[in-house]
Structures are given as structure tokens and as C-alpha cells.
file my_file_21.txt (compact mmCIF, C-alpha atoms and all ligand atoms)
# COMPACT_ATOMS: atom_id res chain seq x y z
CA MET A 183 -60.34 -18.56 -3.55
CA MET A 184 -58.66 -18.79 -0.13
CA THR A 185 -57.07 -22.17 0.67
CA THR A 186 -56.07 -23.38 4.12
CA VAL A 187 -52.61 -24.58 3.01
CA ASN A 188 -49.77 -22.34 4.08
CA VAL A 189 -48.05 -21.35 0.84
CA ARG A 190 -45.49 -18.99 2.38
CA SER A 191 -42.05 -19.92 1.07
CA THR A 192 -39.80 -17.01 2.09
CA PRO A 193 -37.34 -18.64 4.54
CA PHE A 194 -36.99 -15.59 6.82
CA GLU A 195 -38.81 -12.43 7.87
CA LEU A 196 -38.38 -9.55 5.43
CA THR A 197 -36.87 -6.25 6.51
CA VAL A 198 -37.75 -2.84 5.08
CA ARG A 199 -34.55 -0.79 5.33
CA LYS A 200 -36.23 2.62 5.31
CA ASP A 201 -33.05 4.47 6.27
CA THR A 202 -31.10 3.30 3.22
CA ARG A 203 -30.24 6.46 1.33
CA PHE A 204 -27.74 7.15 -1.41
CA ASP A 205 -26.15 10.51 -2.10
CA PHE A 206 -25.61 11.06 -5.81
CA SER A 207 -24.47 14.68 -5.51
CA GLY A 208 -20.87 13.60 -6.25
CA LEU A 209 -21.83 11.85 -9.48
CA GLU A 210 -20.42 14.02 -12.27
CA ASP A 211 -20.61 11.74 -15.28
CA VAL A 212 -23.58 9.79 -16.60
CA LEU A 213 -21.09 7.39 -18.20
CA HIS A 214 -20.28 5.98 -14.78
CA THR A 215 -19.58 2.33 -15.66
CA ASP A 216 -16.29 1.34 -17.31
CA GLY A 217 -16.59 4.73 -19.08
CA ASN A 218 -18.74 2.79 -21.55
CA LEU A 219 -21.67 4.49 -23.26
CA TYR A 220 -23.78 1.36 -23.57
CA ILE A 221 -23.10 -0.28 -20.20
CA SER A 222 -23.66 3.02 -18.38
CA HIS A 223 -26.92 3.72 -20.19
CA PHE A 224 -28.06 0.16 -19.59
CA PHE A 225 -27.88 0.92 -15.85
CA ASN A 226 -29.35 4.40 -16.34
CA SER A 227 -32.30 2.94 -18.29
CA LEU A 228 -32.89 0.38 -15.54
CA SER A 229 -32.92 3.15 -12.97
CA LEU A 230 -35.29 5.32 -15.02
CA VAL A 231 -37.71 2.48 -15.54
CA THR A 232 -37.70 1.31 -11.92
CA PRO A 233 -40.38 3.70 -10.54
CA VAL A 234 -42.66 2.75 -13.47
CA THR A 235 -42.29 -1.03 -13.11
CA GLU A 236 -42.41 -0.95 -9.34
CA GLY A 237 -45.62 1.11 -9.54
CA VAL A 238 -47.24 -1.84 -11.35
CA LEU A 239 -46.00 -4.28 -8.69
CA ILE A 240 -47.13 -2.13 -5.78
CA ARG A 241 -50.61 -1.45 -7.21
CA ALA A 242 -51.26 -5.16 -7.82
CA ILE A 243 -50.11 -6.28 -4.37
CA ARG A 244 -52.05 -3.43 -2.70
CA GLU A 245 -55.19 -4.63 -4.43
CA ALA A 246 -54.50 -8.18 -3.27
CA GLN A 247 -53.89 -7.15 0.35
CA PRO A 248 -57.56 -7.11 1.50
CA LEU A 249 -57.82 -10.74 0.31
CA LEU A 250 -54.90 -11.95 2.41
CA PRO A 251 -55.97 -11.90 6.09
CA GLY A 252 -55.47 -15.35 7.63
CA SER A 253 -53.10 -16.47 4.88
CA GLY A 254 -49.82 -15.83 6.72
CA LEU A 255 -48.74 -13.59 3.83
CA GLU A 256 -49.90 -10.23 5.19
CA ALA A 257 -46.48 -9.24 6.58
CA ASP A 258 -44.72 -10.32 3.36
CA ALA A 259 -47.11 -8.23 1.25
CA ALA A 260 -46.52 -5.17 3.44
CA ALA A 261 -42.73 -5.70 3.42
CA PHE A 262 -42.74 -6.22 -0.34
CA ILE A 263 -44.55 -2.92 -0.88
CA GLY A 264 -42.19 -1.24 1.61
CA GLN A 265 -39.04 -2.53 -0.10
CA GLU A 266 -40.25 -1.61 -3.59
CA ALA A 267 -41.29 1.88 -2.46
CA ILE A 268 -37.82 2.53 -1.05
CA HIS A 269 -36.22 1.20 -4.25
CA SER A 270 -38.28 3.67 -6.26
CA ARG A 271 -37.41 6.51 -3.88
CA GLU A 272 -33.68 5.89 -4.25
CA HIS A 273 -33.79 5.34 -8.01
CA ARG A 274 -35.71 8.62 -8.31
CA ALA A 275 -32.78 10.27 -6.51
CA LEU A 276 -30.38 8.91 -9.15
CA ASN A 277 -32.82 9.84 -11.91
CA ARG A 278 -32.99 13.43 -10.63
CA ARG A 279 -29.19 13.59 -10.70
CA LEU A 280 -29.17 12.31 -14.29
CA ALA A 281 -31.61 15.10 -15.16
CA GLU A 282 -29.34 17.67 -13.45
CA LEU A 283 -26.49 16.39 -15.60
CA GLY A 284 -28.56 17.10 -18.73
CA PHE A 285 -30.24 13.72 -19.13
CA ASP A 286 -33.87 14.49 -18.44
CA THR A 287 -35.93 11.73 -20.05
CA SER A 288 -39.20 12.48 -18.27
CA PRO A 289 -41.26 12.84 -21.52
CA VAL A 290 -40.33 9.24 -22.45
CA VAL A 291 -40.89 7.97 -18.89
CA ASP A 292 -44.32 9.72 -18.76
CA GLU A 293 -45.29 8.24 -22.13
CA VAL A 294 -44.34 4.73 -20.98
CA GLU A 295 -46.15 5.21 -17.66
CA THR A 296 -49.37 6.20 -19.48
CA GLU A 297 -49.19 3.16 -21.75
CA ILE A 298 -48.60 0.81 -18.82
CA ARG A 299 -51.55 2.23 -16.86
CA GLN A 300 -53.80 1.85 -19.90
CA LEU A 301 -52.73 -1.78 -20.22
CA GLU A 302 -53.34 -2.43 -16.51
CA GLU A 303 -56.94 -1.20 -16.88
CA THR A 304 -57.62 -3.98 -19.38
CA MET A 305 -56.37 -6.73 -17.05
CA THR A 306 -57.99 -8.66 -14.19
CA LEU A 307 -56.32 -8.82 -10.78
CA GLN A 308 -55.32 -12.41 -11.52
CA GLU A 309 -53.63 -11.38 -14.77
CA ARG A 310 -51.90 -8.44 -13.11
CA LEU A 311 -50.63 -10.67 -10.31
CA ALA A 312 -49.35 -13.16 -12.87
CA LEU A 313 -47.66 -10.27 -14.68
CA VAL A 314 -46.11 -9.21 -11.38
CA VAL A 315 -44.84 -12.76 -10.71
CA ALA A 316 -43.29 -12.84 -14.19
CA GLY A 317 -41.82 -9.36 -13.84
CA GLU A 318 -40.44 -10.17 -10.40
CA HIS A 319 -38.76 -13.27 -11.74
CA ALA A 320 -37.19 -11.26 -14.59
CA ILE A 321 -35.91 -8.77 -12.00
CA TYR A 322 -34.65 -11.62 -9.81
CA ALA A 323 -32.83 -13.11 -12.83
CA LEU A 324 -30.95 -9.86 -13.44
CA ALA A 325 -30.36 -9.33 -9.70
CA ARG A 326 -28.85 -12.77 -9.33
CA ALA A 327 -26.72 -12.24 -12.43
CA LEU A 328 -25.35 -9.02 -10.92
CA LEU A 329 -24.58 -10.57 -7.55
CA ALA A 330 -23.33 -13.98 -8.71
CA SER A 331 -21.09 -12.69 -11.51
CA ASN A 332 -17.92 -10.59 -11.32
CA TYR A 333 -20.00 -7.46 -11.95
CA GLY A 334 -18.65 -6.13 -8.66
CA ASN A 335 -15.24 -5.81 -10.33
CA SER A 336 -16.61 -3.39 -12.95
CA GLU A 337 -15.28 0.15 -12.73
CA GLN A 338 -18.50 1.83 -11.64
CA ASN A 339 -19.20 4.93 -9.57
CA SER A 340 -19.29 3.55 -6.02
CA VAL A 341 -22.68 5.07 -5.08
CA VAL A 342 -24.32 3.86 -8.28
CA LYS A 343 -22.87 0.41 -7.62
CA ALA A 344 -24.10 0.42 -4.02
CA LEU A 345 -27.61 1.32 -5.22
CA PHE A 346 -27.76 -1.52 -7.72
CA VAL A 347 -26.21 -4.09 -5.36
CA TRP A 348 -28.63 -3.12 -2.56
CA HIS A 349 -31.62 -3.24 -4.93
CA ALA A 350 -30.48 -6.61 -6.30
CA LEU A 351 -30.10 -8.22 -2.89
CA GLU A 352 -33.56 -7.07 -1.78
CA GLU A 353 -35.02 -8.45 -5.01
CA MET A 354 -33.41 -11.77 -4.08
CA GLU A 355 -34.88 -11.53 -0.59
CA HIS A 356 -38.48 -11.04 -1.74
CA GLN A 357 -38.16 -13.29 -4.81
CA SER A 358 -41.10 -15.56 -3.90
CA VAL A 359 -43.57 -13.17 -2.25
CA CYS A 360 -45.70 -12.43 -5.33
CA ASP A 361 -45.76 -16.07 -6.41
CA ASP A 362 -46.91 -17.08 -2.91
CA ILE A 363 -49.67 -14.47 -3.05
CA TYR A 364 -50.84 -15.60 -6.49
CA ARG A 365 -50.94 -19.26 -5.39
CA GLN A 366 -52.77 -18.35 -2.21
CA LEU A 367 -55.47 -16.50 -4.11
CA PHE A 368 -55.78 -18.52 -7.30
CA GLY A 369 -54.14 -21.91 -6.74
CA TRP A 370 -51.65 -23.78 -8.91
CA GLY A 371 -51.63 -26.17 -11.85
CA MET A 372 -51.29 -26.30 -15.63
CA LYS A 373 -53.91 -23.57 -16.21
CA HIS A 374 -51.84 -21.21 -14.06
CA ARG A 375 -48.56 -22.14 -15.72
CA ILE A 376 -50.14 -21.10 -19.02
CA ILE A 377 -51.23 -17.75 -17.54
CA TYR A 378 -47.68 -17.29 -16.19
CA LEU A 379 -46.19 -18.05 -19.61
CA ARG A 380 -48.55 -15.58 -21.30
CA MET A 381 -47.68 -12.88 -18.78
CA TYR A 382 -43.98 -13.71 -19.02
CA LEU A 383 -44.17 -12.84 -22.69
CA VAL A 384 -46.09 -9.62 -21.93
CA ALA A 385 -43.55 -8.67 -19.22
CA GLY A 386 -40.62 -9.41 -21.55
CA LYS A 387 -42.14 -7.31 -24.32
CA LEU A 388 -42.89 -4.41 -21.96
CA LEU A 389 -39.45 -4.43 -20.35
CA SER A 390 -37.61 -4.55 -23.65
CA MET A 391 -39.85 -1.82 -25.12
CA MET A 392 -39.21 0.46 -22.11
CA LEU A 393 -35.46 -0.17 -21.98
CA THR A 394 -35.04 0.30 -25.74
CA ARG A 395 -36.89 3.63 -25.71
CA LEU A 396 -34.94 4.90 -22.72
CA MET A 397 -31.58 3.75 -24.09
CA ARG A 398 -32.42 5.57 -27.32
CA ALA A 399 -33.41 8.76 -25.48
CA LEU A 400 -30.22 8.68 -23.38
CA ARG A 401 -28.00 7.97 -26.36
CA ALA A 402 -29.55 10.89 -28.26
CA LYS A 403 -28.21 13.22 -25.55
CA SER A 404 -24.78 11.55 -25.33
CA ARG A 405 -21.53 11.69 -27.20
CA GLY A 406 -21.24 9.29 -30.15
CA PRO A 407 -19.93 5.76 -29.59
CA GLU A 408 -16.20 5.19 -29.63
CA PRO A 409 -14.58 2.38 -31.63
CA GLY A 410 -14.95 -0.97 -29.88
CA GLU A 411 -17.41 0.37 -27.31
CA PHE A 412 -20.40 -1.69 -28.45
CA LYS A 413 -18.20 -4.78 -28.67
CA ALA A 414 -17.12 -4.16 -25.08
CA PHE A 415 -20.81 -3.97 -24.06
CA LEU A 416 -21.52 -7.29 -25.80
CA SER A 417 -18.53 -8.83 -24.08
CA TRP A 418 -19.82 -7.47 -20.73
CA LEU A 419 -23.16 -9.17 -21.42
CA LEU A 420 -21.82 -12.43 -22.84
CA HIS A 421 -18.40 -13.10 -21.32
CA ASP A 422 -17.07 -11.03 -18.47
CA PRO A 423 -18.94 -10.61 -16.18
CA GLY A 424 -21.54 -12.27 -18.43
CA VAL A 425 -24.54 -10.51 -16.89
CA GLY A 426 -26.70 -11.13 -19.98
CA VAL A 427 -25.94 -14.84 -20.21
CA ILE A 428 -26.59 -15.48 -16.52
CA THR A 429 -29.82 -13.46 -16.69
CA LEU A 430 -31.02 -15.48 -19.66
CA ARG A 431 -30.23 -18.77 -17.93
CA GLU A 432 -32.14 -17.66 -14.82
CA LEU A 433 -35.08 -16.53 -16.96
CA LEU A 434 -35.36 -19.94 -18.60
CA VAL A 435 -35.13 -21.85 -15.31
CA PHE A 436 -38.53 -20.41 -14.34
CA PHE A 437 -40.24 -22.87 -16.68
CA SER A 438 -38.33 -26.00 -15.78
CA PRO A 439 -40.69 -28.57 -14.18
CA GLY A 440 -38.79 -28.71 -10.88
CA PHE A 441 -38.49 -24.94 -10.44
CA SER A 442 -38.96 -23.52 -6.96
CA HIS A 443 -37.83 -20.08 -5.80
CA TRP A 444 -35.67 -21.11 -2.89
CA SER A 445 -34.15 -24.29 -4.34
CA ARG A 446 -30.72 -22.61 -3.92
CA ARG A 447 -31.53 -21.18 -0.54
CA GLU A 448 -28.02 -21.41 0.91
CA GLN A 449 -26.37 -19.85 -2.13
CA ASP A 450 -28.99 -17.12 -2.36
CA GLN A 451 -28.78 -16.28 1.32
CA GLU A 452 -25.00 -16.19 1.14
CA LEU A 453 -25.16 -13.77 -1.81
CA ILE A 454 -27.66 -11.59 0.06
CA GLN A 455 -25.61 -11.49 3.25
CA ARG A 456 -22.24 -10.91 1.61
CA ASN A 457 -23.56 -8.07 -0.53
CA LEU A 458 -25.52 -6.52 2.31
CA GLU A 459 -22.26 -6.14 4.23
CA VAL A 460 -20.63 -4.50 1.20
CA VAL A 461 -23.51 -2.03 0.82
CA LEU A 462 -23.74 -1.19 4.51
CA LYS A 463 -20.02 -0.42 4.55
CA SER A 464 -20.28 1.80 1.49
CA VAL A 465 -23.24 3.86 2.77
CA ALA A 466 -21.94 4.11 6.36
FE FE A 501 -37.35 -3.38 -6.55
FE FE A 502 -39.16 -6.79 -6.48
call {"tool": "encode", "arguments": {"input": "my_file_21.txt", "output": "C-alpha cells"}}
result
Amino acid sequence: MMTTVNVRSTPFELTVRKDTRFDFSGLEDVLHTDGNLYISHFFNSLSLVTPVTEGVLIRAIREAQPLLPGSGLEADAAAFIGQEAIHSREHRALNRRLAELGFDTSPVVDEVETEIRQLEETMTLQERLALVVAGEHAIYALARALLASNYGNSEQNSVVKALFVWHALEEMEHQSVCDDIYRQLFGWGMKHRIIYLRMYLVAGKLLSMMLTRLMRALRAKSRGPEPGEFKAFLSWLLHDPGVGVITLRELLVFFSPGFSHWSRREQDQELIQRNLEVVLKSVA
């Protein structure tokens, strides 16, 4: 039901950077991050899954769009769809390069896509929007972990790094759009927190299922692990740069009673701005 309260919380206008393009033709090795099998395939799995997950987000927000006129969220919804569509376009470019290098995982991606679409058909718009809010927060958690940690010091192919940094900063920019849309259409309160929690568990299960399957498919085509390589991956997650630990902390914050998306507005905007400059320099 439409309310008259303005729920928009994004502190600036969103920009769709349609001209952002990455050239992966110089990428010669799928093990592009610290030469590590697991860290590299973690990023490759994220890239492969991006068009699938972003399809879910885009379809839900598109369905919500006709319900938004007069809410003040119309431009955010359009910008959100625009940003996600460009993310998918650029990740597809990396995914095509991975396939050229012998890492075609399209049968697994197609299988996952079919399962996700079947699940969507069983859900109401409200449930799908709650799933999107949960999924977007999980993506924000990882994005913030990448930008706020020393991940930038990892030895990673510069174009792959630029892609992930750019994607992460745009995820931080549109962090609250889906939540605003949900609240506008359905309201807020304990009942909704329970729906969010339920969908958070669904999103977590789906994301881990997709990433596990893709990691497995990529590893099956790769060389075997070297001694200490898995330990180095765990250290990357838990210690330096600690991407896994920071992500987990951000995931849990979502359910703290005082949570609001832009409670660290200055920090978040500083991370966005600083990393935007890095990306623009690297794609110039
Ligand atoms: Fe995205
Ligand atoms: Fe997003």
C-alpha cells in the first residue's frame, strides 16, 4: 500500500556510468589473484554468478516500478536497474574471457539460472523484494569488505581489480534503494523484519549453493592445489586483508536494532569517492 511518507534514504542522486567498459583481452591467466587457485576462483565464481543474481534483482524492481509513481523513488529504481545491467554486461565480458581461456562453465550457470527462475515463480512480489533487499545487503557487505580492507594491495590483474572495485563502489552507492522500495510498498515493523530474516536465509543458501557449484566447476578444470594454497586463502579471508571476516561482520549488522543503511554516510561516501578515482584512472 502506498504511504505518503518519503522513505527515500539515498543521500545523493545515482549515476548510471554506461560508458564504463573493461577490456579483458590482455588477461592470460584465470589464476589472476596472488597466483592463488582459491582466491582467483572465488572472484571468478562471483563474476560468473553476477548476471544470474542481478537478473533476480532487476526483474523484481521492474515489477515494482509501476507501483512507484509519486513515491520519489522512480529515479532510484531506474538508476538501480541501469547500474545492475551495466554490472552484468561487464561481468559477462570477463566471463567470456574465462571461457576463451578454457573455463566455460555455462552448463552450471544455466542449471543455476533455471533453478532460480523456478523458485521466483513460487514467490510473491513482496517476498521477491525482501529477497532482493537481503541479497543486496549481502552484496553490500562484501563490497564494503573489499573497499574498506587492504584488498587493494592484493596482487591481482589490474583490469579484474578495476572491475571488482567499480562494481563494489556502485553497490555501496545503491545500498538502500531496494529497502526504500520495499518499505514504500509494504511498510515496516516486526512482521517485515521476520520476512527479511526468512529471505536472508534463502539468499544466503542460494548464494553459497551457486558459489560452491561454480568453484567446484572451475577447480575441476584447473591445476591441482599447491601446498599451503588453501591456507593462504583462509588467511586472505580471515586475516589479511580479512575480506571474509569484514563481510561476516557487515552481514550481522543488518539485524542489529539500530541498523540503518547510511549510518556511516561519511565513511561510505569517502570509500566510494576514493575508489571511483582509482577506477577512472585505471580505465582511462
Ligand atoms: Fe551489481
Ligand atoms: Fe546491487
call {"tool": "residues_near_ligand", "arguments": {"input": "my_file_21.txt", "ligand": "ligand FE 502 (chain A)", "cutoff": "7 Å", "atoms": "all atoms listed in the file", "output": "list of chain:residue names"}}
result
A:Glu266, A:Glu318, A:Ile321, A:Glu353, A:His356, A:Gln357
call {"tool": "write_last_selection", "arguments": {"input": "my_file_21.txt", "atoms": "C-alpha atoms", "output": "short mmCIF file (atom, residue, chain, number, x, y, z; two decimals), in the coordinates of the input"}}
result
data_model
loop_
_atom_site.label_atom_id
_atom_site.label_comp_id
_atom_site.auth_asym_id
_atom_site.auth_seq_id
_atom_site.Cartn_x
_atom_site.Cartn_y
_atom_site.Cartn_z
CA GLU A 266 -40.25 -1.61 -3.59
CA GLU A 318 -40.44 -10.17 -10.40
CA ILE A 321 -35.91 -8.77 -12.00
CA GLU A 353 -35.02 -8.45 -5.01
CA HIS A 356 -38.48 -11.04 -1.74
CA GLN A 357 -38.16 -13.29 -4.81
#
call {"tool": "atom_distance", "arguments": {"input": "my_file_21.txt", "atom1": "atom CA of Met305 of chain A", "atom2": "atom CA of Tyr378 of chain A"}}
result
13.7 Å
call {"tool": "residues_near_ligand", "arguments": {"input": "my_file_21.txt", "ligand": "ligand FE 501 (chain A)", "cutoff": "12 Å", "atoms": "all atoms listed in the file", "output": "PDB file with C-alpha atoms, in the coordinates of the input"}}
result
ATOM      1  CA  VAL A 198     -37.750  -2.840   5.080  1.00  0.00           C
ATOM      2  CA  LEU A 228     -32.890   0.380 -15.540  1.00  0.00           C
ATOM      3  CA  SER A 229     -32.920   3.150 -12.970  1.00  0.00           C
ATOM      4  CA  VAL A 231     -37.710   2.480 -15.540  1.00  0.00           C
ATOM      5  CA  THR A 232     -37.700   1.310 -11.920  1.00  0.00           C
ATOM      6  CA  PRO A 233     -40.380   3.700 -10.540  1.00  0.00           C
ATOM      7  CA  VAL A 234     -42.660   2.750 -13.470  1.00  0.00           C
ATOM      8  CA  THR A 235     -42.290  -1.030 -13.110  1.00  0.00           C
ATOM      9  CA  GLU A 236     -42.410  -0.950  -9.340  1.00  0.00           C
ATOM     10  CA  GLY A 237     -45.620   1.110  -9.540  1.00  0.00           C
ATOM     11  CA  VAL A 238     -47.240  -1.840 -11.350  1.00  0.00           C
ATOM     12  CA  LEU A 239     -46.000  -4.280  -8.690  1.00  0.00           C
ATOM     13  CA  ILE A 240     -47.130  -2.130  -5.780  1.00  0.00           C
ATOM     14  CA  ALA A 261     -42.730  -5.700   3.420  1.00  0.00           C
ATOM     15  CA  PHE A 262     -42.740  -6.220  -0.340  1.00  0.00           C
ATOM     16  CA  ILE A 263     -44.550  -2.920  -0.880  1.00  0.00           C
ATOM     17  CA  GLY A 264     -42.190  -1.240   1.610  1.00  0.00           C
ATOM     18  CA  GLN A 265     -39.040  -2.530  -0.100  1.00  0.00           C
ATOM     19  CA  GLU A 266     -40.250  -1.610  -3.590  1.00  0.00           C
ATOM     20  CA  ALA A 267     -41.290   1.880  -2.460  1.00  0.00           C
ATOM     21  CA  ILE A 268     -37.820   2.530  -1.050  1.00  0.00           C
ATOM     22  CA  HIS A 269     -36.220   1.200  -4.250  1.00  0.00           C
ATOM     23  CA  SER A 270     -38.280   3.670  -6.260  1.00  0.00           C
ATOM     24  CA  ARG A 271     -37.410   6.510  -3.880  1.00  0.00           C
ATOM     25  CA  GLU A 272     -33.680   5.890  -4.250  1.00  0.00           C
ATOM     26  CA  HIS A 273     -33.790   5.340  -8.010  1.00  0.00           C
ATOM     27  CA  VAL A 314     -46.110  -9.210 -11.380  1.00  0.00           C
ATOM     28  CA  GLY A 317     -41.820  -9.360 -13.840  1.00  0.00           C
ATOM     29  CA  GLU A 318     -40.440 -10.170 -10.400  1.00  0.00           C
ATOM     30  CA  HIS A 319     -38.760 -13.270 -11.740  1.00  0.00           C
ATOM     31  CA  ALA A 320     -37.190 -11.260 -14.590  1.00  0.00           C
ATOM     32  CA  ILE A 321     -35.910  -8.770 -12.000  1.00  0.00           C
ATOM     33  CA  TYR A 322     -34.650 -11.620  -9.810  1.00  0.00           C
ATOM     34  CA  LEU A 324     -30.950  -9.860 -13.440  1.00  0.00           C
ATOM     35  CA  ALA A 325     -30.360  -9.330  -9.700  1.00  0.00           C
ATOM     36  CA  LEU A 345     -27.610   1.320  -5.220  1.00  0.00           C
ATOM     37  CA  PHE A 346     -27.760  -1.520  -7.720  1.00  0.00           C
ATOM     38  CA  VAL A 347     -26.210  -4.090  -5.360  1.00  0.00           C
ATOM     39  CA  TRP A 348     -28.630  -3.120  -2.560  1.00  0.00           C
ATOM     40  CA  HIS A 349     -31.620  -3.240  -4.930  1.00  0.00           C
ATOM     41  CA  ALA A 350     -30.480  -6.610  -6.300  1.00  0.00           C
ATOM     42  CA  LEU A 351     -30.100  -8.220  -2.890  1.00  0.00           C
ATOM     43  CA  GLU A 352     -33.560  -7.070  -1.780  1.00  0.00           C
ATOM     44  CA  GLU A 353     -35.020  -8.450  -5.010  1.00  0.00           C
ATOM     45  CA  MET A 354     -33.410 -11.770  -4.080  1.00  0.00           C
ATOM     46  CA  GLU A 355     -34.880 -11.530  -0.590  1.00  0.00           C
ATOM     47  CA  HIS A 356     -38.480 -11.040  -1.740  1.00  0.00           C
ATOM     48  CA  GLN A 357     -38.160 -13.290  -4.810  1.00  0.00           C
TER      49      GLN A 357
END
call {"tool": "closest_residue", "arguments": {"input": "my_file_21.txt", "among": "A:Trp418, A:Leu311, A:Asn277, A:Gly284", "to": "His374 of chain A", "atoms": "all atoms listed in the file"}}
result
A:Leu311
call {"tool": "closest_residue", "arguments": {"input": "my_file_21.txt", "among": "A:Leu329, A:Leu416, A:Leu276, A:Ala242", "to": "Arg299 of chain A", "atoms": "only C-alpha atoms"}}
result
A:Ala242
call {"tool": "closest_atom_pairs", "arguments": {"input": "my_file_21.txt", "of": "segment 278-354 of chain A", "to": "segment 381-395 of chain A", "cutoff": "10 Å", "atoms": "all atoms listed in the file", "output": "tab-separated table"}}
result
residue	atom	partner	partner_atom	distance
A:Thr287	CA	A:Arg395	CA	9.9
A:Val290	CA	A:Arg395	CA	7.3
A:Val291	CA	A:Met392	CA	8.3
A:Glu293	CA	A:Met392	CA	9.9
A:Val294	CA	A:Met392	CA	6.8
A:Glu295	CA	A:Met392	CA	9.5
A:Glu297	CA	A:Leu388	CA	9.9
A:Ile298	CA	A:Leu388	CA	8.3
A:Glu309	CA	A:Met381	CA	7.3
A:Arg310	CA	A:Met381	CA	8.3
A:Leu311	CA	A:Met381	CA	9.2
A:Ala312	CA	A:Met381	CA	6.1
A:Leu313	CA	A:Met381	CA	4.9
A:Val314	CA	A:Ala385	CA	8.3
A:Val315	CA	A:Tyr382	CA	8.4
A:Ala316	CA	A:Tyr382	CA	5.0
A:Gly317	CA	A:Ala385	CA	5.7
A:Glu318	CA	A:Ala385	CA	9.5
A:His319	CA	A:Tyr382	CA	9.0
A:Ala320	CA	A:Gly386	CA	8.0
call {"tool": "atom_distance", "arguments": {"input": "my_file_21.txt", "atom1": "atom CA of Gly208 of chain A", "atom2": "atom CA of Val425 of chain A"}}
result
26.6 Å
call {"tool": "closest_residue", "arguments": {"input": "my_file_21.txt", "among": "A:His421, A:His223, A:Lys373, A:Arg380", "to": "Ser404 of chain A", "atoms": "only C-alpha atoms"}}
result
A:His223
call {"tool": "closest_residue", "arguments": {"input": "my_file_21.txt", "among": "A:Leu379, A:Ala330, A:Asn339, A:Ser358", "to": "Gln449 of chain A", "atoms": "all atoms listed in the file"}}
result
A:Ala330
call {"tool": "residues_around", "arguments": {"input": "my_file_21.txt", "residues": "Gly334 of chain A", "least_positions_apart": "2", "cutoff": "12 Å", "atoms": "only C-alpha atoms", "output": "JSON list (two decimals) with C-alpha atoms, in the frame of the given file"}}
result
[["chain", "number", "residue", "atom", "x", "y", "z"],
["A", 215, "THR", "CA", -19.58, 2.33, -15.66],
["A", 216, "ASP", "CA", -16.29, 1.34, -17.31],
["A", 327, "ALA", "CA", -26.72, -12.24, -12.43],
["A", 328, "LEU", "CA", -25.35, -9.02, -10.92],
["A", 329, "LEU", "CA", -24.58, -10.57, -7.55],
["A", 330, "ALA", "CA", -23.33, -13.98, -8.71],
["A", 331, "SER", "CA", -21.09, -12.69, -11.51],
["A", 332, "ASN", "CA", -17.92, -10.59, -11.32],
["A", 336, "SER", "CA", -16.61, -3.39, -12.95],
["A", 337, "GLU", "CA", -15.28, 0.15, -12.73],
["A", 338, "GLN", "CA", -18.50, 1.83, -11.64],
["A", 339, "ASN", "CA", -19.20, 4.93, -9.57],
["A", 340, "SER", "CA", -19.29, 3.55, -6.02],
["A", 342, "VAL", "CA", -24.32, 3.86, -8.28],
["A", 343, "LYS", "CA", -22.87, 0.41, -7.62],
["A", 344, "ALA", "CA", -24.10, 0.42, -4.02],
["A", 346, "PHE", "CA", -27.76, -1.52, -7.72],
["A", 347, "VAL", "CA", -26.21, -4.09, -5.36],
["A", 422, "ASP", "CA", -17.07, -11.03, -18.47],
["A", 423, "PRO", "CA", -18.94, -10.61, -16.18],
["A", 424, "GLY", "CA", -21.54, -12.27, -18.43],
["A", 425, "VAL", "CA", -24.54, -10.51, -16.89],
["A", 456, "ARG", "CA", -22.24, -10.91, 1.61],
["A", 457, "ASN", "CA", -23.56, -8.07, -0.53],
["A", 460, "VAL", "CA", -20.63, -4.50, 1.20],
["A", 461, "VAL", "CA", -23.51, -2.03, 0.82]]
call {"tool": "closest_residue", "arguments": {"input": "my_file_21.txt", "among": "A:Trp370, A:Ala323, A:Leu255, A:Arg199", "to": "Ile428 of chain A", "atoms": "only C-alpha atoms"}}
result
A:Ala323
call {"tool": "closest_residue", "arguments": {"input": "my_file_21.txt", "among": "A:Ser288, A:Ser253, A:Arg203, A:Tyr220", "to": "Val465 of chain A", "atoms": "only C-alpha atoms"}}
result
A:Arg203
call {"tool": "atom_distance", "arguments": {"input": "my_file_21.txt", "atom1": "atom CA of Leu453 of chain A", "atom2": "atom CA of Asp211 of chain A"}}
result
29.2 Å
call {"tool": "residues_near_point", "arguments": {"input": "my_file_21.txt", "point": "(-42.5, -30.0, -11.2)", "cutoff": "12 Å", "atoms": "all atoms listed in the file", "output": "PyMOL selection string"}}
result
chain A and resi 370-372+375+435-442
call {"tool": "residues_around", "arguments": {"input": "my_file_21.txt", "residues": "Leu213 of chain A", "least_positions_apart": "3", "cutoff": "6 Å", "atoms": "all atoms listed in the file", "output": "list of chain:residue names"}}
result
A:Gly217, A:Leu219, A:Ser222
